[in-house]
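For reference, the structure discussed in these notes is given below.
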Amino acid sequence: MRNGPKIPPVTAQRFAYGSDPSQFADLYLPADGATVTGVIVIIHGGYWRSTYGAELGEPLAQDLVTRGYACWNLEYRRAGNGGGWPETFDDVAAGIDHLAVAASEHGLDLGSTTALGHSAGGHLAVWAAGRAGLPAGAPGAGTPTVSLTAVVSQAGVLDLAAARDLGLSDGAVENLLGQPEDTERYRLADPMSAVPLPVPVVAVHGRKDTTVPSSQSEAYVRAATAAGGTADLVMVPGDHFAIITPGSKAWDAVVAQLPRT
């Protein structure tokens with residue numbers, strides 16, 4: 001728990017990266033004159049459904065900006081409001097790349113840019129870090145304008161095949177991707193298919209998480225390390241939401257994994 005006087009919230013600057021109401025990101029910057037210790041792309045969860053939005057990432061951004069991080073709280077189209085395959089993936093790729101525009105306006109160094117994703121956002125963060133390895137024509141394929149340098153997954157859905165078999169959240173994987181007979185689509189969306197990534201991944205998971213089983217993080221870390229990648233599993237106290245609750249021990253453990261320049 002951080003002590004001291006309450007710090008007034010930072011006003012974010014909104015950037016649109018498309019014409020849809022969900023195609024935006026909010027930029028949070030440390031106080032004028034403060035040293036920026038790194039850039040964090042926050043990708044919220046909610047099992048890819050439109051029930052939840054970028055408001056889940058705002059408390060994280062407000063906390064991290066006081067620690068010197070610039071934060072890019074990303075919204076994207078989700079299942080139920082125009083998302084799914086390929087729209088959700090196209091949006092995450094375009095939304096991260098649009099960070100280059102904000103960086104140019106504010107003189108931000110993107111040399112240390114970490115994706116921090118919770119639940120379904122953890123899946124999208126790890127997927128985005130492997131974009132350069134996607135085949136031509138796949139959503140998000142090509143050389144990224146903004147290259148991620150690390151990923152911290154918070155209870156991420158990192159093994160889509162297993163999540164689909166388990167029917168997590170009433171079939172959320174098929175709800176996102178559709179067309180269950182399209183095996184290539186499911187392969188391209190699954191982080192397990194892209195190991196090893198060229199950047200380190202830390203999978204943080206709550207010991208009492210009943211929303212996304214810890215086997216999701218465990219399986220990914222095993223596969224990534226077996227393939228020669230850099231991946232670590234960090235188990236923390238609390239449930240699925242403790243890791244996105246500033247002030248909790250679980251959140252402090254997440255912050256401890258974030259790189260600093």
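As shown in the structure tokens, the chain order sets the letters A, B, ...; within each chain, residues go from 1, and ligands are also counted from 1 in the order they appear.
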
query = Could you pull out all residues of stretch 50-247 of chain A with a DSSP call of helix (DSSP H, G or I) and give them as a ChimeraX atom specification?
reply = /A:54-56,58-66,87-97,99-106,120-129,131-133,160-166,168-177,183-189,191-194,215-226,242-244

Selected residues written out with C-alpha atoms, as a short mmCIF file (atom, residue, chain, number, x, y, z; two decimals), in the first residue's frame:
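Writing done, so here's out_34.cif:
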```cif
data_model
loop_
_atom_site.label_atom_id
_atom_site.label_comp_id
_atom_site.auth_asym_id
_atom_site.auth_seq_id
_atom_site.Cartn_x
_atom_site.Cartn_y
_atom_site.Cartn_z
CA ALA A 54 -11.03 1.04 -21.27
CA GLU A 55 -12.37 2.33 -17.95
CA LEU A 56 -10.84 -0.83 -16.45
CA GLU A 58 -7.81 3.99 -16.04
CA PRO A 59 -6.93 3.25 -12.38
CA LEU A 60 -3.79 1.47 -13.56
CA ALA A 61 -2.78 4.44 -15.71
CA GLN A 62 -3.46 6.89 -12.89
CA ASP A 63 -1.21 4.88 -10.56
CA LEU A 64 1.57 4.26 -13.06
CA VAL A 65 1.78 7.88 -14.18
CA THR A 66 2.66 8.86 -10.60
CA GLU A 87 -11.54 -6.31 -36.22
CA THR A 88 -10.35 -6.71 -32.63
CA PHE A 89 -6.89 -7.72 -33.82
CA ASP A 90 -6.72 -4.99 -36.45
CA ASP A 91 -7.64 -2.44 -33.79
CA VAL A 92 -5.04 -3.56 -31.26
CA ALA A 93 -2.33 -3.44 -33.92
CA ALA A 94 -3.43 -0.04 -35.24
CA GLY A 95 -3.97 1.34 -31.76
CA ILE A 96 -0.48 0.43 -30.60
CA ASP A 97 1.05 1.81 -33.80
CA LEU A 99 1.23 5.60 -30.16
CA ALA A 100 3.93 6.84 -32.56
CA VAL A 101 1.76 9.89 -33.29
CA ALA A 102 1.40 10.73 -29.60
CA ALA A 103 5.10 10.12 -29.04
CA SER A 104 5.98 12.54 -31.83
CA GLU A 105 3.72 15.23 -30.40
CA HIS A 106 5.12 14.91 -26.89
CA ALA A 120 -8.30 -11.04 -22.57
CA GLY A 121 -6.05 -7.98 -22.74
CA GLY A 122 -3.14 -10.20 -21.69
CA HIS A 123 -3.89 -12.39 -24.68
CA LEU A 124 -3.96 -9.38 -26.99
CA ALA A 125 -0.74 -7.97 -25.50
CA VAL A 126 1.19 -11.20 -26.07
CA TRP A 127 -0.35 -11.60 -29.53
CA ALA A 128 0.68 -8.05 -30.44
CA ALA A 129 4.28 -8.71 -29.43
CA ARG A 131 3.00 -9.38 -34.95
CA ALA A 132 6.25 -9.26 -36.90
CA GLY A 133 6.13 -13.04 -37.26
CA LEU A 160 -6.61 -20.26 -26.64
CA ALA A 161 -6.96 -23.92 -27.58
CA ALA A 162 -7.23 -24.93 -23.94
CA ALA A 163 -9.51 -21.99 -23.14
CA ARG A 164 -11.77 -23.04 -25.99
CA ASP A 165 -11.82 -26.67 -24.84
CA LEU A 166 -12.71 -25.54 -21.32
CA LEU A 168 -14.17 -20.42 -20.49
CA SER A 169 -16.72 -17.65 -19.90
CA ASP A 170 -19.50 -19.36 -21.82
CA GLY A 171 -17.48 -19.98 -24.96
CA ALA A 172 -15.71 -16.63 -25.10
CA VAL A 173 -13.03 -17.84 -27.53
CA GLU A 174 -15.55 -18.94 -30.16
CA ASN A 175 -17.58 -15.81 -29.47
CA LEU A 176 -14.48 -13.79 -30.40
CA LEU A 177 -13.25 -15.78 -33.37
CA THR A 183 -8.31 -23.84 -37.83
CA GLU A 184 -5.90 -21.30 -39.33
CA ARG A 185 -7.79 -18.40 -37.78
CA TYR A 186 -7.60 -20.03 -34.36
CA ARG A 187 -3.91 -20.78 -34.80
CA LEU A 188 -3.04 -17.20 -35.78
CA ALA A 189 -4.92 -15.83 -32.78
CA PRO A 191 -0.15 -16.92 -28.47
CA MET A 192 0.94 -20.54 -28.06
CA SER A 193 1.45 -20.68 -31.83
CA ALA A 194 3.91 -17.78 -31.82
CA SER A 215 -2.93 -23.16 -16.11
CA GLN A 216 -3.28 -20.55 -18.87
CA SER A 217 -0.15 -18.72 -17.70
CA GLU A 218 1.66 -21.89 -16.70
CA ALA A 219 1.18 -23.55 -20.09
CA TYR A 220 2.35 -20.48 -21.97
CA VAL A 221 5.50 -20.02 -19.90
CA ARG A 222 6.38 -23.71 -20.29
CA ALA A 223 5.91 -23.54 -24.06
CA ALA A 224 7.79 -20.27 -24.45
CA THR A 225 10.80 -21.35 -22.41
CA ALA A 226 10.89 -24.76 -24.11
CA ALA A 242 -6.54 -8.03 -7.34
CA ILE A 243 -3.89 -7.65 -10.02
CA ILE A 244 -5.69 -4.61 -11.45
#
```

Nearby residues (only C-alpha atoms) at most 12 Å from A:Ala256, same-chain spacing under 2 positions excluded, as a PyMOL selection string = chain A and resi 64+67+152+202+204+234+236+243+249-254+258-260

Would you save the residues from that selection as a tab-separated table (two decimals), in the first residue's frame, using all heavy atoms?
```
chain	number	residue	atom	x	y	z
A	64	LEU	N	0.25	4.37	-12.42
A	64	LEU	CA	1.57	4.26	-13.06
A	64	LEU	C	2.14	5.62	-13.44
A	64	LEU	O	3.36	5.81	-13.43
A	64	LEU	CB	1.48	3.35	-14.28
A	64	LEU	CG	1.22	1.87	-13.99
A	64	LEU	CD1	0.97	1.10	-15.27
A	64	LEU	CD2	2.39	1.28	-13.22
A	67	ARG	N	4.25	7.08	-10.96
A	67	ARG	CA	5.54	6.39	-10.82
A	67	ARG	C	6.49	6.75	-11.96
A	67	ARG	O	7.57	6.18	-12.08
A	67	ARG	CB	5.32	4.88	-10.78
A	67	ARG	CG	4.39	4.41	-9.66
A	67	ARG	CD	4.12	2.92	-9.78
A	67	ARG	NE	3.08	2.44	-8.88
A	67	ARG	CZ	3.31	1.85	-7.70
A	67	ARG	NH1	4.55	1.65	-7.29
A	67	ARG	NH2	2.31	1.44	-6.96
A	152	VAL	N	3.90	-7.70	-19.98
A	152	VAL	CA	3.49	-8.21	-18.68
A	152	VAL	C	2.01	-8.59	-18.79
A	152	VAL	O	1.16	-7.73	-19.00
A	152	VAL	CB	3.71	-7.19	-17.55
A	152	VAL	CG1	3.19	-7.74	-16.22
A	152	VAL	CG2	5.19	-6.84	-17.42
A	202	VAL	N	6.37	-11.69	-18.98
A	202	VAL	CA	6.14	-12.09	-17.59
A	202	VAL	C	4.64	-12.34	-17.45
A	202	VAL	O	3.83	-11.46	-17.76
A	202	VAL	CB	6.60	-11.02	-16.59
A	202	VAL	CG1	6.30	-11.48	-15.16
A	202	VAL	CG2	8.08	-10.74	-16.75
A	204	VAL	N	1.84	-12.87	-14.87
A	204	VAL	CA	1.48	-12.72	-13.46
A	204	VAL	C	0.08	-13.29	-13.27
A	204	VAL	O	-0.84	-12.98	-14.05
A	204	VAL	CB	1.51	-11.24	-13.03
A	204	VAL	CG1	1.23	-11.10	-11.55
A	204	VAL	CG2	2.87	-10.61	-13.37
A	234	VAL	N	4.89	-15.51	-12.45
A	234	VAL	CA	4.90	-14.91	-11.12
A	234	VAL	C	3.51	-15.09	-10.52
A	234	VAL	O	2.53	-14.52	-11.00
A	234	VAL	CB	5.26	-13.40	-11.18
A	234	VAL	CG1	5.19	-12.78	-9.78
A	234	VAL	CG2	6.64	-13.19	-11.79
A	236	VAL	N	0.87	-14.54	-7.51
A	236	VAL	CA	0.68	-13.47	-6.53
A	236	VAL	C	-0.58	-13.76	-5.71
A	236	VAL	O	-1.44	-14.55	-6.11
A	236	VAL	CB	0.54	-12.09	-7.22
A	236	VAL	CG1	1.81	-11.76	-7.99
A	236	VAL	CG2	-0.68	-12.05	-8.14
A	243	ILE	N	-5.05	-8.09	-9.25
A	243	ILE	CA	-3.89	-7.65	-10.02
A	243	ILE	C	-4.16	-6.38	-10.83
A	243	ILE	O	-3.24	-5.84	-11.44
A	243	ILE	CB	-3.36	-8.77	-10.95
A	243	ILE	CG1	-4.49	-9.38	-11.77
A	243	ILE	CG2	-2.65	-9.83	-10.17
A	243	ILE	CD1	-4.04	-10.48	-12.70
A	249	LYS	N	-1.40	-5.99	-2.81
A	249	LYS	CA	-0.09	-6.64	-2.93
A	249	LYS	C	0.10	-7.23	-4.32
A	249	LYS	O	1.21	-7.23	-4.86
A	249	LYS	CB	0.03	-7.73	-1.86
A	249	LYS	CG	0.14	-7.22	-0.43
A	249	LYS	CD	0.31	-8.36	0.56
A	249	LYS	CE	0.44	-7.82	1.98
A	249	LYS	NZ	0.57	-8.92	2.96
A	250	ALA	N	-0.99	-7.71	-4.90
A	250	ALA	CA	-0.89	-8.27	-6.25
A	250	ALA	C	-0.50	-7.19	-7.26
A	250	ALA	O	0.33	-7.43	-8.14
A	250	ALA	CB	-2.23	-8.90	-6.63
A	251	TRP	N	-1.09	-6.01	-7.13
A	251	TRP	CA	-0.74	-4.92	-8.04
A	251	TRP	C	0.71	-4.49	-7.84
A	251	TRP	O	1.44	-4.25	-8.82
A	251	TRP	CB	-1.68	-3.73	-7.85
A	251	TRP	CG	-1.25	-2.51	-8.60
A	251	TRP	CD1	-0.82	-1.33	-8.06
A	251	TRP	CD2	-1.19	-2.33	-10.02
A	251	TRP	NE1	-0.50	-0.43	-9.06
A	251	TRP	CE2	-0.72	-1.03	-10.27
A	251	TRP	CE3	-1.49	-3.16	-11.10
A	251	TRP	CZ2	-0.55	-0.53	-11.56
A	251	TRP	CZ3	-1.32	-2.67	-12.39
A	251	TRP	CH2	-0.86	-1.36	-12.60
A	252	ASP	N	1.16	-4.43	-6.61
A	252	ASP	CA	2.56	-4.07	-6.36
A	252	ASP	C	3.50	-5.07	-7.02
A	252	ASP	O	4.55	-4.69	-7.53
A	252	ASP	CB	2.83	-4.00	-4.85
A	252	ASP	CG	2.18	-2.79	-4.19
A	252	ASP	OD1	1.80	-1.85	-4.90
A	252	ASP	OD2	2.05	-2.80	-2.95
A	253	ALA	N	3.10	-6.33	-7.02
A	253	ALA	CA	3.92	-7.35	-7.67
A	253	ALA	C	3.95	-7.16	-9.18
A	253	ALA	O	4.97	-7.40	-9.83
A	253	ALA	CB	3.39	-8.74	-7.32
A	254	VAL	N	2.83	-6.73	-9.74
A	254	VAL	CA	2.79	-6.43	-11.18
A	254	VAL	C	3.73	-5.26	-11.50
A	254	VAL	O	4.53	-5.35	-12.43
A	254	VAL	CB	1.35	-6.07	-11.62
A	254	VAL	CG1	1.35	-5.52	-13.04
A	254	VAL	CG2	0.45	-7.30	-11.52
A	258	LEU	N	7.54	-4.33	-14.21
A	258	LEU	CA	7.60	-3.39	-15.32
A	258	LEU	C	9.01	-2.83	-15.48
A	258	LEU	O	9.62	-2.36	-14.52
A	258	LEU	CB	6.62	-2.23	-15.08
A	258	LEU	CG	5.15	-2.63	-15.02
A	258	LEU	CD1	4.30	-1.41	-14.65
A	258	LEU	CD2	4.69	-3.22	-16.35
A	259	PRO	N	9.55	-2.87	-16.69
A	259	PRO	CA	10.89	-2.33	-16.92
A	259	PRO	C	10.92	-0.82	-16.68
A	259	PRO	O	9.94	-0.11	-16.85
A	259	PRO	CB	11.16	-2.64	-18.40
A	259	PRO	CG	10.18	-3.70	-18.75
A	259	PRO	CD	8.98	-3.45	-17.91
A	260	ARG	N	12.07	-0.34	-16.27
A	260	ARG	CA	12.30	1.09	-16.10
A	260	ARG	C	13.55	1.47	-16.87
A	260	ARG	O	14.55	0.74	-16.87
A	260	ARG	CB	12.50	1.47	-14.62
A	260	ARG	CG	11.29	1.10	-13.75
A	260	ARG	CD	11.55	1.45	-12.29
A	260	ARG	NE	11.55	2.89	-12.09
A	260	ARG	CZ	10.47	3.61	-11.80
A	260	ARG	NH1	9.30	3.01	-11.72
A	260	ARG	NH2	10.55	4.91	-11.61
```

request  = Extract the full set of strand (DSSP E or B) residues from stretch 11-130 of chain A according to DSSP on the backbone, and format it as a PyMOL selection string.
outcome  = chain A and resi 13-16+24-28+38-43+49+69-74+79+113-118

request  = Within 6 Å of stretch 72-82 of chain A, counting only C-alpha atoms, which residues show up once you throw out same-chain ones fewer than 6 positions away? Write them as a list in words, please.
outcome  =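 So, after excluding close chain neighbours, the residues are Ser22, Gln23, Phe24, Ala25, Asp26, Leu27, Val41, Ile42, Ile43, Trp48, Arg49, Ser50, Ala54, Thr88, Asp91 and Leu176 of chain A.
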
Can you spit out the residues from that selection as a compact mmCIF listing (two decimals), in the first residue's frame, using N, CA and C atoms?
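Generated output (result30.txt):
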```txt
# COMPACT_ATOMS: atom_id res chain seq x y z
N SER A 22 -15.00 3.16 -30.63
CA SER A 22 -14.11 2.37 -29.78
C SER A 22 -12.66 2.39 -30.25
N GLN A 23 -12.37 3.13 -31.29
CA GLN A 23 -11.00 3.19 -31.80
C GLN A 23 -10.30 4.44 -31.26
N PHE A 24 -9.87 4.33 -30.00
CA PHE A 24 -9.17 5.45 -29.38
C PHE A 24 -8.22 4.93 -28.31
N ALA A 25 -7.32 5.80 -27.91
CA ALA A 25 -6.45 5.54 -26.76
C ALA A 25 -6.29 6.83 -25.99
N ASP A 26 -6.17 6.71 -24.68
CA ASP A 26 -5.96 7.86 -23.81
C ASP A 26 -4.51 7.88 -23.34
N LEU A 27 -3.86 9.02 -23.53
CA LEU A 27 -2.47 9.19 -23.15
C LEU A 27 -2.38 9.89 -21.80
N VAL A 41 1.68 0.38 -22.56
CA VAL A 41 0.44 0.23 -23.31
C VAL A 41 -0.49 -0.66 -22.48
N ILE A 42 -1.59 -0.10 -22.01
CA ILE A 42 -2.53 -0.83 -21.17
C ILE A 42 -3.66 -1.38 -22.05
N ILE A 43 -3.89 -2.69 -21.97
CA ILE A 43 -4.93 -3.33 -22.76
C ILE A 43 -5.87 -4.05 -21.80
N TRP A 48 -12.98 -10.24 -24.16
CA TRP A 48 -13.13 -9.66 -25.51
C TRP A 48 -14.53 -9.15 -25.79
N ARG A 49 -15.37 -9.03 -24.76
CA ARG A 49 -16.76 -8.62 -24.96
C ARG A 49 -16.93 -7.13 -24.67
N SER A 50 -17.94 -6.54 -25.29
CA SER A 50 -18.15 -5.09 -25.18
C SER A 50 -18.71 -4.66 -23.83
N ALA A 54 -12.30 0.48 -21.70
CA ALA A 54 -11.03 1.04 -21.27
C ALA A 54 -11.08 1.65 -19.87
N THR A 88 -11.01 -6.92 -33.92
CA THR A 88 -10.35 -6.71 -32.63
C THR A 88 -8.83 -6.70 -32.80
N ASP A 91 -7.60 -3.62 -34.65
CA ASP A 91 -7.64 -2.44 -33.79
C ASP A 91 -6.47 -2.40 -32.82
N LEU A 176 -15.42 -14.75 -29.81
CA LEU A 176 -14.48 -13.79 -30.40
C LEU A 176 -14.16 -14.14 -31.84
```

remark   = Correct to one decimal, the distance atom CA of A:Pro144-atom CA of A:Leu29 is 22.9 Å

Shortest interatomic distance to A:Ala70 - which of A:Gly229, A:Gly247, A:Pro30, A:Gly107, counting only C-alpha atoms =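 Between A:Gly229, A:Gly247, A:Pro30, A:Gly107, the residue approaching A:Ala70 most closely is A:Pro30.
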
ask   = Quick one: of A:Gly111, A:Gly167, A:Pro9, A:Pro180, who's nearest to A:Val146, counting only C-alpha atoms?
value = A:Gly111

key: Using only C-alpha atoms: which of A:Pro237, A:Pro198, A:Pro21, A:Pro213 has the shortest distance to A:Gly83   = A:Pro21

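A straight line drawn from atom CA of A:Asp239 to atom CA of A:Tyr69 is 25.4 Å long.
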
ask   = Between atom CA of A:Gly142 and atom CA of A:Asp20, what is the spacing in Å?
value =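 Rounded to one decimal, the two atoms are 22.8 Å apart.
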
key: For A:Ala150: contacts at 6 Å, only C-alpha atoms, fewer than 5 positions along chain excluded, given as a PyMOL selection string   = chain A and resi 114+199-200
